[in-house]
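**Student:** Next comes the structure file entry.pdb, holding PDB, C-alpha atoms (C1' of nucleotides).
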MODEL        1
ATOM      1  CA  MET A 431       2.428  -7.706  -5.954
ATOM      2  CA  ALA A 432       0.757 -10.072  -8.399
ATOM      3  CA  GLN A 433       1.449 -12.857  -5.944
ATOM      4  CA  GLY A 434       0.167 -10.803  -3.038
ATOM      5  CA  LEU A 435      -3.184 -10.226  -4.700
ATOM      6  CA  ILE A 436      -3.952 -13.942  -4.683
ATOM      7  CA  GLY A 437      -6.543 -14.543  -1.981
ATOM      8  CA  THR A 438      -7.790 -10.956  -1.746
ATOM      9  CA  MET A 439     -11.465 -10.129  -2.176
ATOM     10  CA  LEU A 440     -12.753  -8.312  -5.232
ATOM     11  CA  VAL A 441     -16.079  -6.592  -4.630
ATOM     12  CA  ARG A 442     -18.502  -5.069  -7.114
ATOM     13  CA  ALA A 443     -21.565  -3.053  -6.075
ATOM     14  CA  TRP A 444     -24.318  -1.822  -8.377
ATOM     15  CA  PRO A 445     -26.511   1.251  -7.885
ATOM     16  CA  ASP A 446     -29.566  -0.989  -7.488
ATOM     17  CA  GLY A 447     -28.004  -2.637  -4.450
ATOM     18  CA  ARG A 448     -26.824  -5.879  -6.025
ATOM     19  CA  ARG A 449     -23.436  -7.115  -4.969
ATOM     20  CA  PHE A 450     -20.752  -9.510  -6.034
ATOM     21  CA  ALA A 451     -17.740 -10.606  -4.031
ATOM     22  CA  GLY A 452     -15.087 -13.132  -4.947
ATOM     23  CA  ARG A 453     -11.659 -14.360  -4.094
ATOM     24  CA  VAL A 454      -8.849 -13.609  -6.521
ATOM     25  CA  VAL A 455      -7.247 -16.911  -7.564
ATOM     26  CA  GLU A 456      -5.212 -15.984 -10.640
ATOM     27  CA  THR A 457      -3.153 -12.954 -11.698
ATOM     28  CA  GLU A 458      -0.436 -11.872 -14.090
ATOM     29  CA  ALA A 459       2.278  -9.263 -13.588
ATOM     30  CA  TYR A 460       3.034  -6.622 -16.223
ATOM     31  CA  LEU A 461       6.203  -4.931 -15.170
ATOM     32  CA  GLY A 462       6.298  -1.646 -17.066
ATOM     33  CA  PRO A 463       8.207   0.031 -19.945
ATOM     34  CA  ARG A 464      10.925  -2.631 -20.142
ATOM     35  CA  ASP A 465       8.424  -5.525 -20.278
ATOM     36  CA  ALA A 466       7.778  -6.477 -23.904
ATOM     37  CA  GLY A 467       4.376  -7.889 -22.949
ATOM     38  CA  CYS A 468       3.197  -4.755 -21.137
ATOM     39  CA  HIS A 469       0.964  -2.053 -22.602
ATOM     40  CA  THR A 470       3.419   0.593 -21.398
ATOM     41  CA  PHE A 471       6.309  -1.078 -23.232
ATOM     42  CA  GLY A 472       8.778   1.507 -24.504
ATOM     43  CA  GLY A 473       7.272   4.188 -22.287
ATOM     44  CA  ARG A 474       4.061   4.397 -24.230
ATOM     45  CA  ARG A 475       1.564   6.929 -22.875
ATOM     46  CA  THR A 476      -1.400   6.872 -25.240
ATOM     47  CA  PRO A 477      -4.919   7.756 -24.039
ATOM     48  CA  ARG A 478      -5.836   4.103 -23.746
ATOM     49  CA  VAL A 479      -3.088   3.288 -21.253
ATOM     50  CA  ALA A 480      -3.246   6.557 -19.297
ATOM     51  CA  SER A 481      -4.547   4.784 -16.189
ATOM     52  CA  MET A 482      -1.521   2.518 -16.104
ATOM     53  CA  TRP A 483       0.609   5.518 -15.136
ATOM     54  CA  LYS A 484      -1.561   6.542 -12.212
ATOM     55  CA  GLN A 485      -0.993   5.776  -8.549
ATOM     56  CA  ALA A 486      -0.986   2.274  -7.133
ATOM     57  CA  GLY A 487      -4.498   1.010  -6.468
ATOM     58  CA  THR A 488      -5.996   2.507  -9.611
ATOM     59  CA  GLY A 489      -8.014   0.218 -11.861
ATOM     60  CA  TYR A 490      -6.946  -0.060 -15.495
ATOM     61  CA  ILE A 491      -9.665  -1.517 -17.732
ATOM     62  CA  TYR A 492      -9.109  -1.902 -21.450
ATOM     63  CA  PHE A 493     -10.923  -3.367 -24.429
ATOM     64  CA  THR A 494      -9.486  -6.025 -26.727
ATOM     65  CA  TYR A 495     -10.317  -8.666 -29.338
ATOM     66  CA  GLY A 496     -13.223  -6.478 -30.407
ATOM     67  CA  MET A 497     -15.393  -7.826 -27.596
ATOM     68  CA  HIS A 498     -13.648  -8.331 -24.267
ATOM     69  CA  HIS A 499     -12.619  -6.115 -21.373
ATOM     70  CA  MET A 500      -9.802  -6.844 -18.922
ATOM     71  CA  LEU A 501      -9.288  -5.605 -15.364
ATOM     72  CA  ASN A 502      -5.867  -4.630 -13.999
ATOM     73  CA  VAL A 503      -4.710  -3.184 -10.706
ATOM     74  CA  VAL A 504      -2.042  -0.521 -11.098
ATOM     75  CA  CYS A 505       0.878  -1.098  -8.745
ATOM     76  CA  GLY A 506       4.512  -0.188  -8.214
ATOM     77  CA  PRO A 507       6.814   0.086  -5.208
ATOM     78  CA  ALA A 508       6.438   2.920  -2.726
ATOM     79  CA  THR A 509       9.531   5.054  -2.160
ATOM     80  CA  VAL A 510      10.458   7.986   0.063
ATOM     81  CA  THR A 511       9.726  10.407  -2.761
ATOM     82  CA  ASN A 512       6.694   8.419  -3.964
ATOM     83  CA  PRO A 513       4.917   7.268  -0.794
ATOM     84  CA  GLY A 514       1.820   5.738  -2.395
ATOM     85  CA  GLY A 515       3.691   3.857  -5.094
ATOM     86  CA  GLY A 516       2.660   3.555  -8.723
ATOM     87  CA  GLY A 517       3.244   6.028 -11.539
ATOM     88  CA  ILE A 518       5.663   3.746 -13.355
ATOM     89  CA  GLY A 519       3.378   1.953 -15.803
ATOM     90  CA  MET A 520       3.178  -1.305 -13.880
ATOM     91  CA  ALA A 521       0.029  -3.371 -13.209
ATOM     92  CA  VAL A 522      -1.453  -6.742 -12.343
ATOM     93  CA  LEU A 523      -4.063  -8.396 -14.548
ATOM     94  CA  ILE A 524      -6.802 -10.218 -12.648
ATOM     95  CA  ARG A 525      -7.465 -13.393 -14.600
ATOM     96  CA  ALA A 526      -9.852 -15.374 -12.422
ATOM     97  CA  VAL A 527     -11.996 -15.060  -9.307
ATOM     98  CA  GLU A 528     -13.816 -17.627  -7.166
ATOM     99  CA  PRO A 529     -17.382 -16.374  -6.639
ATOM    100  CA  ILE A 530     -18.368 -16.029  -2.968
ATOM    101  CA  VAL A 531     -21.331 -13.643  -3.114
ATOM    102  CA  VAL A 532     -23.354 -13.641  -6.346
ATOM    103  CA  ASP A 533     -26.333 -11.344  -6.804
ATOM    104  CA  SER A 534     -26.054 -10.458  -3.104
ATOM    105  CA  VAL A 535     -26.420 -14.121  -2.104
ATOM    106  CA  LEU A 536     -23.699 -15.980  -0.223
ATOM    107  CA  ILE A 537     -22.879 -19.129  -2.188
ATOM    108  CA  ASP A 538     -22.283 -22.264  -0.133
ATOM    109  CA  ALA A 539     -19.172 -24.207  -0.988
ATOM    110  CA  GLU A 540     -21.287 -27.140  -2.118
ATOM    111  CA  ASN A 541     -23.189 -25.008  -4.622
ATOM    112  CA  ARG A 542     -20.104 -23.111  -5.702
ATOM    113  CA  SER A 543     -19.471 -25.387  -8.685
ATOM    114  CA  LYS A 544     -22.547 -24.058 -10.467
ATOM    115  CA  PHE A 545     -20.652 -20.811 -10.920
ATOM    116  CA  ARG A 546     -17.438 -22.388 -12.068
ATOM    117  CA  ASP A 547     -17.226 -20.486 -15.335
ATOM    118  CA  LEU A 548     -18.669 -17.200 -14.091
ATOM    119  CA  CYS A 549     -15.344 -15.430 -13.519
ATOM    120  CA  ARG A 550     -12.900 -17.936 -14.966
ATOM    121  CA  GLY A 551     -10.822 -15.881 -17.390
ATOM    122  CA  PRO A 552     -10.278 -12.111 -17.583
ATOM    123  CA  GLY A 553     -12.917 -11.603 -20.274
ATOM    124  CA  ARG A 554     -15.630 -13.480 -18.433
ATOM    125  CA  LEU A 555     -14.771 -11.708 -15.187
ATOM    126  CA  CYS A 556     -15.392  -8.304 -16.748
ATOM    127  CA  LYS A 557     -18.478  -9.481 -18.563
ATOM    128  CA  HIS A 558     -20.252 -10.812 -15.498
ATOM    129  CA  LEU A 559     -19.226  -7.936 -13.250
ATOM    130  CA  GLU A 560     -20.251  -5.475 -15.975
ATOM    131  CA  MET A 561     -16.911  -3.741 -16.048
ATOM    132  CA  ASP A 562     -15.940  -1.695 -19.096
ATOM    133  CA  ARG A 563     -14.030   1.451 -20.017
ATOM    134  CA  GLY A 564     -16.572   3.450 -18.050
ATOM    135  CA  LEU A 565     -14.903   2.120 -14.894
ATOM    136  CA  ASP A 566     -11.354   2.699 -16.139
ATOM    137  CA  GLY A 567      -9.233   4.822 -13.817
ATOM    138  CA  LEU A 568     -11.280   4.109 -10.697
ATOM    139  CA  ASP A 569      -9.608   4.145  -7.282
ATOM    140  CA  LEU A 570      -9.954   0.534  -6.159
ATOM    141  CA  THR A 571      -9.235   1.416  -2.538
ATOM    142  CA  VAL A 572     -12.589   3.211  -2.291
ATOM    143  CA  GLY A 573     -15.429   0.863  -1.348
ATOM    144  CA  GLN A 574     -18.148   2.215  -3.549
ATOM    145  CA  VAL A 575     -18.414   0.682  -7.020
ATOM    146  CA  LEU A 576     -15.488  -1.678  -7.434
ATOM    147  CA  TRP A 577     -12.798  -2.369  -4.895
ATOM    148  CA  LEU A 578     -10.333  -4.772  -3.338
ATOM    149  CA  GLY A 579     -11.021  -5.979   0.188
ATOM    150  CA  LEU A 580      -9.046  -7.829   2.786
ATOM    151  CA  PRO A 581      -7.506 -11.164   1.933
ATOM    152  CA  GLY A 582      -9.222 -14.349   3.000
ATOM    153  CA  GLU A 583      -7.229 -17.264   4.320
ATOM    154  CA  VAL A 584      -4.094 -16.281   2.499
ATOM    155  CA  SER A 585      -1.740 -18.310   4.651
ATOM    156  CA  ARG A 586      -3.328 -21.509   3.353
ATOM    157  CA  VAL A 587      -2.781 -20.612  -0.285
ATOM    158  CA  LYS A 588       0.006 -22.257  -2.208
ATOM    159  CA  VAL A 589       0.814 -19.923  -5.047
ATOM    160  CA  ALA A 590       2.024 -21.525  -8.271
ATOM    161  CA  THR A 591       3.562 -19.798 -11.289
ATOM    162  CA  SER A 592       3.733 -20.196 -15.049
ATOM    163  CA  ALA A 593       4.376 -18.178 -18.179
ATOM    164  CA  ARG A 594       1.746 -15.578 -19.003
ATOM    165  CA  VAL A 595      -1.197 -16.513 -21.221
ATOM    166  CA  GLY A 596      -2.105 -15.209 -24.648
ATOM    167  CA  LEU A 597       0.889 -13.051 -25.500
ATOM    168  CA  GLY A 598       2.072 -12.976 -29.110
ATOM    169  CA  ASN A 599       4.420 -15.424 -30.745
ATOM    170  CA  THR A 600       7.334 -13.018 -30.993
ATOM    171  CA  PRO A 601      10.147 -14.716 -29.121
ATOM    172  CA  SER A 602      11.337 -12.655 -26.164
ATOM    173  CA  PRO A 603      12.735 -13.561 -22.779
ATOM    174  CA  TRP A 604      10.071 -11.332 -21.245
ATOM    175  CA  LEU A 605       7.259 -13.422 -22.661
ATOM    176  CA  GLU A 606       8.657 -16.603 -21.194
ATOM    177  CA  ARG A 607       9.098 -15.324 -17.677
ATOM    178  CA  LYS A 608       6.963 -16.937 -14.993
ATOM    179  CA  LEU A 609       4.753 -13.940 -14.300
ATOM    180  CA  ARG A 610       1.410 -15.705 -13.966
ATOM    181  CA  TYR A 611       0.441 -16.552 -10.408
ATOM    182  CA  PHE A 612      -2.420 -18.727  -9.258
ATOM    183  CA  ASP A 613      -3.767 -20.699  -6.357
ATOM    184  CA  GLY A 614      -2.423 -24.145  -7.170
ATOM    185  CA  ALA A 615      -5.187 -25.819  -5.191
ATOM    186  CA  SER A 616      -8.025 -23.902  -6.814
ATOM    187  CA  SER A 617     -10.302 -25.299  -9.495
ATOM    188  CA  TRP A 618     -11.288 -21.779 -10.477
ATOM    189  CA  VAL A 619      -8.230 -20.797 -12.517
ATOM    190  CA  SER A 620      -8.437 -20.073 -16.236
ATOM    191  CA  GLY A 621      -6.324 -20.959 -19.212
ATOM    192  CA  PRO A 622      -5.495 -24.284 -20.755
ATOM    193  CA  ARG A 623      -6.084 -27.017 -18.173
ATOM    194  CA  ALA A 624      -2.552 -28.277 -18.473
ATOM    195  CA  MET A 625      -0.712 -25.019 -17.883
ATOM    196  CA  PRO A 626       2.636 -25.882 -16.349
ATOM    197  CA  VAL A 627       2.523 -25.784 -12.581
ATOM    198  CA  LYS A 628       5.539 -24.817 -10.531
ATOM    199  CA  PRO A 629       5.766 -23.949  -6.857
ATOM    200  CA  ALA A 630       6.426 -20.240  -6.297
TER     201      ALA A 630
ATOM    202  C1'  DC B 269     -10.912 -34.120 -23.657
ATOM    203  C1'  DG B 270      -7.935 -31.252 -26.850
ATOM    204  C1'  DG B 271      -7.333 -28.633 -31.085
ATOM    205  C1'  DT B 272      -9.003 -25.259 -34.454
ATOM    206  C1'  DC B 273     -11.390 -21.314 -35.931
ATOM    207  C1'  DG B 274     -14.441 -17.303 -36.380
ATOM    208  C1'  DA B 275     -16.340 -13.301 -34.028
ATOM    209  C1'  DT B 276     -15.854  -8.160 -33.665
ATOM    210  C1'  DT B 277     -14.103  -3.278 -32.787
ATOM    211  C1'  DC B 278     -10.892  -0.239 -30.941
ATOM    212  C1'  DC B 279      -6.386   1.739 -31.177
ATOM    213  C1'  DC B 280      -2.126   2.955 -32.898
ATOM    214  C1'  DT B 281       0.995   2.975 -37.098
TER     215       DT B 281
ATOM    216  C1'  DG C 505      -4.690  -1.773 -42.246
ATOM    217  C1'  DG C 506      -3.370  -5.219 -38.838
ATOM    218  C1'  DG C 507      -3.199  -6.997 -34.489
ATOM    219  C1'  DA C 508      -5.080  -7.689 -29.971
ATOM    220  C1'  DA C 509      -3.180  -9.800 -22.023
ATOM    221  C1'  DT C 510     -10.164 -13.981 -25.244
ATOM    222  C1'  DC C 511     -14.169 -16.863 -25.675
ATOM    223  C1'  DG C 512     -17.314 -20.284 -27.162
ATOM    224  C1'  DA C 513     -18.843 -23.261 -30.738
ATOM    225  C1'  DC C 514     -17.665 -27.041 -33.233
ATOM    226  C1'  DC C 515     -15.112 -31.026 -34.586
ATOM    227  C1'  DG C 516     -12.889 -35.608 -34.018
ATOM    228  C1'  DA C 517     -11.278 -39.281 -31.007
TER     229       DA C 517
ENDMDL
END
Translate the structure described by the file into structure tokens.

**Tutor:**
Amino acid sequence: MAQGLIGTMLVRAWPDGRRFAGRVVETEAYLGPRDAGCHTFGGRRTPRVASMWKQAGTGYIYFTYGMHHMLNVVCGPATVTNPGGGGIGMAVLIRAVEPIVVDSVLIDAENRSKFRDLCRGPGRLCKHLEMDRGLDGLDLTVGQVLWLGLPGEVSRVKVATSARVGLGNTPSPWLERKLRYFDGASSWVSGPRAMPVKPA
DNA sequence: CGGTCGATTCCCT
DNA sequence: GGGAATCGACCGA
């Protein structure tokens, strides 16, 4: 799922008519109650993480470091008894987006570099798209305020993997798993420049 | 360029 | 009371 989100379009629309659209280039998977790096670790169901237990396609936005918000897409496999999927405390963090439409203006590839840092990193992404806890729990399949659109040229994307970024120092096999996914050819990904790159 | 460090507030223990 | 799925400023090379 985290891998599948690479290349999809993230769209934000404001009441005044302004729009942003960008291509998702970096994600991280958080696999649920058994994942030591996940907010639902141990089956936790506090008010803050309530959205993580909703159906697949729900947005989970939380606040951290006293100043930053982060955007996640709730996911989880669909089953016969759970057709829509989700409900198991699993989500994908969106870490970086390549800006395509900024302030309702289509950005040419040649001018794209001016916006290099706009959505590079989960904190900056939320800051520039003005996403906070007020948008937590939104259905991201509804094209109204914030939503995911169709993928761009996904077939061209070579997805690379690495360990997740910014988790604590506590040694755990979970924290070393290669659950970060990014477009290996993109110059829009976040994190330390020299994050290990491995083919997916 | 890479490393270090302070900012700042919410949430759970 | 302590830590947090980060960022940007600042430093030295």

**Student:** Residues of chain A within 8 Å of chain B, using only C-alpha atoms (C1' of nucleotides), as an mmCIF file with C-alpha atoms, keeping the file's coordinate frame?

**Tutor:**
data_model
loop_
_atom_site.group_PDB
_atom_site.id
_atom_site.type_symbol
_atom_site.label_atom_id
_atom_site.label_comp_id
_atom_site.auth_asym_id
_atom_site.auth_seq_id
_atom_site.Cartn_x
_atom_site.Cartn_y
_atom_site.Cartn_z
ATOM 1 C CA ARG A 478 -5.836 4.103 -23.746
ATOM 2 C CA PHE A 493 -10.923 -3.367 -24.429
ATOM 3 C CA THR A 494 -9.486 -6.025 -26.727
ATOM 4 C CA TYR A 495 -10.317 -8.666 -29.338
ATOM 5 C CA GLY A 496 -13.223 -6.478 -30.407
ATOM 6 C CA MET A 497 -15.393 -7.826 -27.596
#

**Student:** Please produce, as CSV, a per-residue contact table for chain C versus chain A (criterion: any atom at most 10 Å away, only C-alpha atoms (C1' of nucleotides) considered), showing the nearest atom pair and its distance in Å to one decimal, sorted by chain then residue number.

**Tutor:**
residue,atom,partner,partner_atom,distance
C:DG507,C1',A:Tyr495,CA,8.9
C:DA508,C1',A:Tyr495,CA,5.4
C:DA509,C1',A:Gly596,CA,6.1
C:DT510,C1',A:Gly553,CA,6.2
C:DC511,C1',A:Gly553,CA,7.6

**Student:** As AutoDock Vina command-line options, please report the centre and edge lengths, rounded to one decimal in Å, of the axis-aligned box that holds all listed atoms of stretch 506-510 of chain C with 6 Å of padding on each of the six sides.

**Tutor:**
--center_x -6.7 --center_y -9.6 --center_z -30.4 --size_x 19.0 --size_y 20.8 --size_z 28.8

**Student:** Between atom CA of A:Leu440 and atom CA of A:Leu576, what is the spacing in Å?

**Tutor:**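 Separation of atom CA of A:Leu576 and atom CA of A:Leu440: 7.5 Å.
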
**Student:** In Å, with one decimal, what is the gap from atom CA of A:Gly434 to atom CA of A:Thr571?

**Tutor:**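 It comes out at 15.4 Å.
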
**Student:** Just to confirm, what's the straight-line distance from atom CA of A:Gly519 to atom CA of A:Arg550 in Å (one decimal)?

**Tutor:** 25.7 Å

**Student:** Which residues are close to A:Gly489, i.e. within 9 Å by all atoms listed in the file, leaving aside same-chain residues fewer than 3 positions away? Reply as an NGL selection string.

**Tutor:** :A and (481-482 or 486 or 501-504 or 521 or 565-570 or 576-577)

**Student:** Residues within 10 Å of A:Ala480, please, as an mmCIF file with C-alpha atoms, keeping the file's coordinate frame. Count only C-alpha atoms (C1' of nucleotides); anything in the same chain fewer than 3 positions from it doesn't count.

**Tutor:**
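The new file result.cif reads:
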data_model
loop_
_atom_site.group_PDB
_atom_site.id
_atom_site.type_symbol
_atom_site.label_atom_id
_atom_site.label_comp_id
_atom_site.auth_asym_id
_atom_site.auth_seq_id
_atom_site.Cartn_x
_atom_site.Cartn_y
_atom_site.Cartn_z
ATOM 1 C CA THR A 470 3.419 0.593 -21.398
ATOM 2 C CA ARG A 474 4.061 4.397 -24.230
ATOM 3 C CA ARG A 475 1.564 6.929 -22.875
ATOM 4 C CA THR A 476 -1.400 6.872 -25.240
ATOM 5 C CA PRO A 477 -4.919 7.756 -24.039
ATOM 6 C CA TRP A 483 0.609 5.518 -15.136
ATOM 7 C CA LYS A 484 -1.561 6.542 -12.212
ATOM 8 C CA TYR A 490 -6.946 -0.060 -15.495
ATOM 9 C CA GLY A 519 3.378 1.953 -15.803
ATOM 10 C CA ASP A 566 -11.354 2.699 -16.139
ATOM 11 C CA GLY A 567 -9.233 4.822 -13.817
#

**Student:** Of the residues A:Asn541, A:Thr600, A:Ile524, A:Ile491, which is the one nearest to A:Arg563, using all atoms listed in the file?

**Tutor:**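 For A:Arg563, the nearest of the given residues is A:Ile491.
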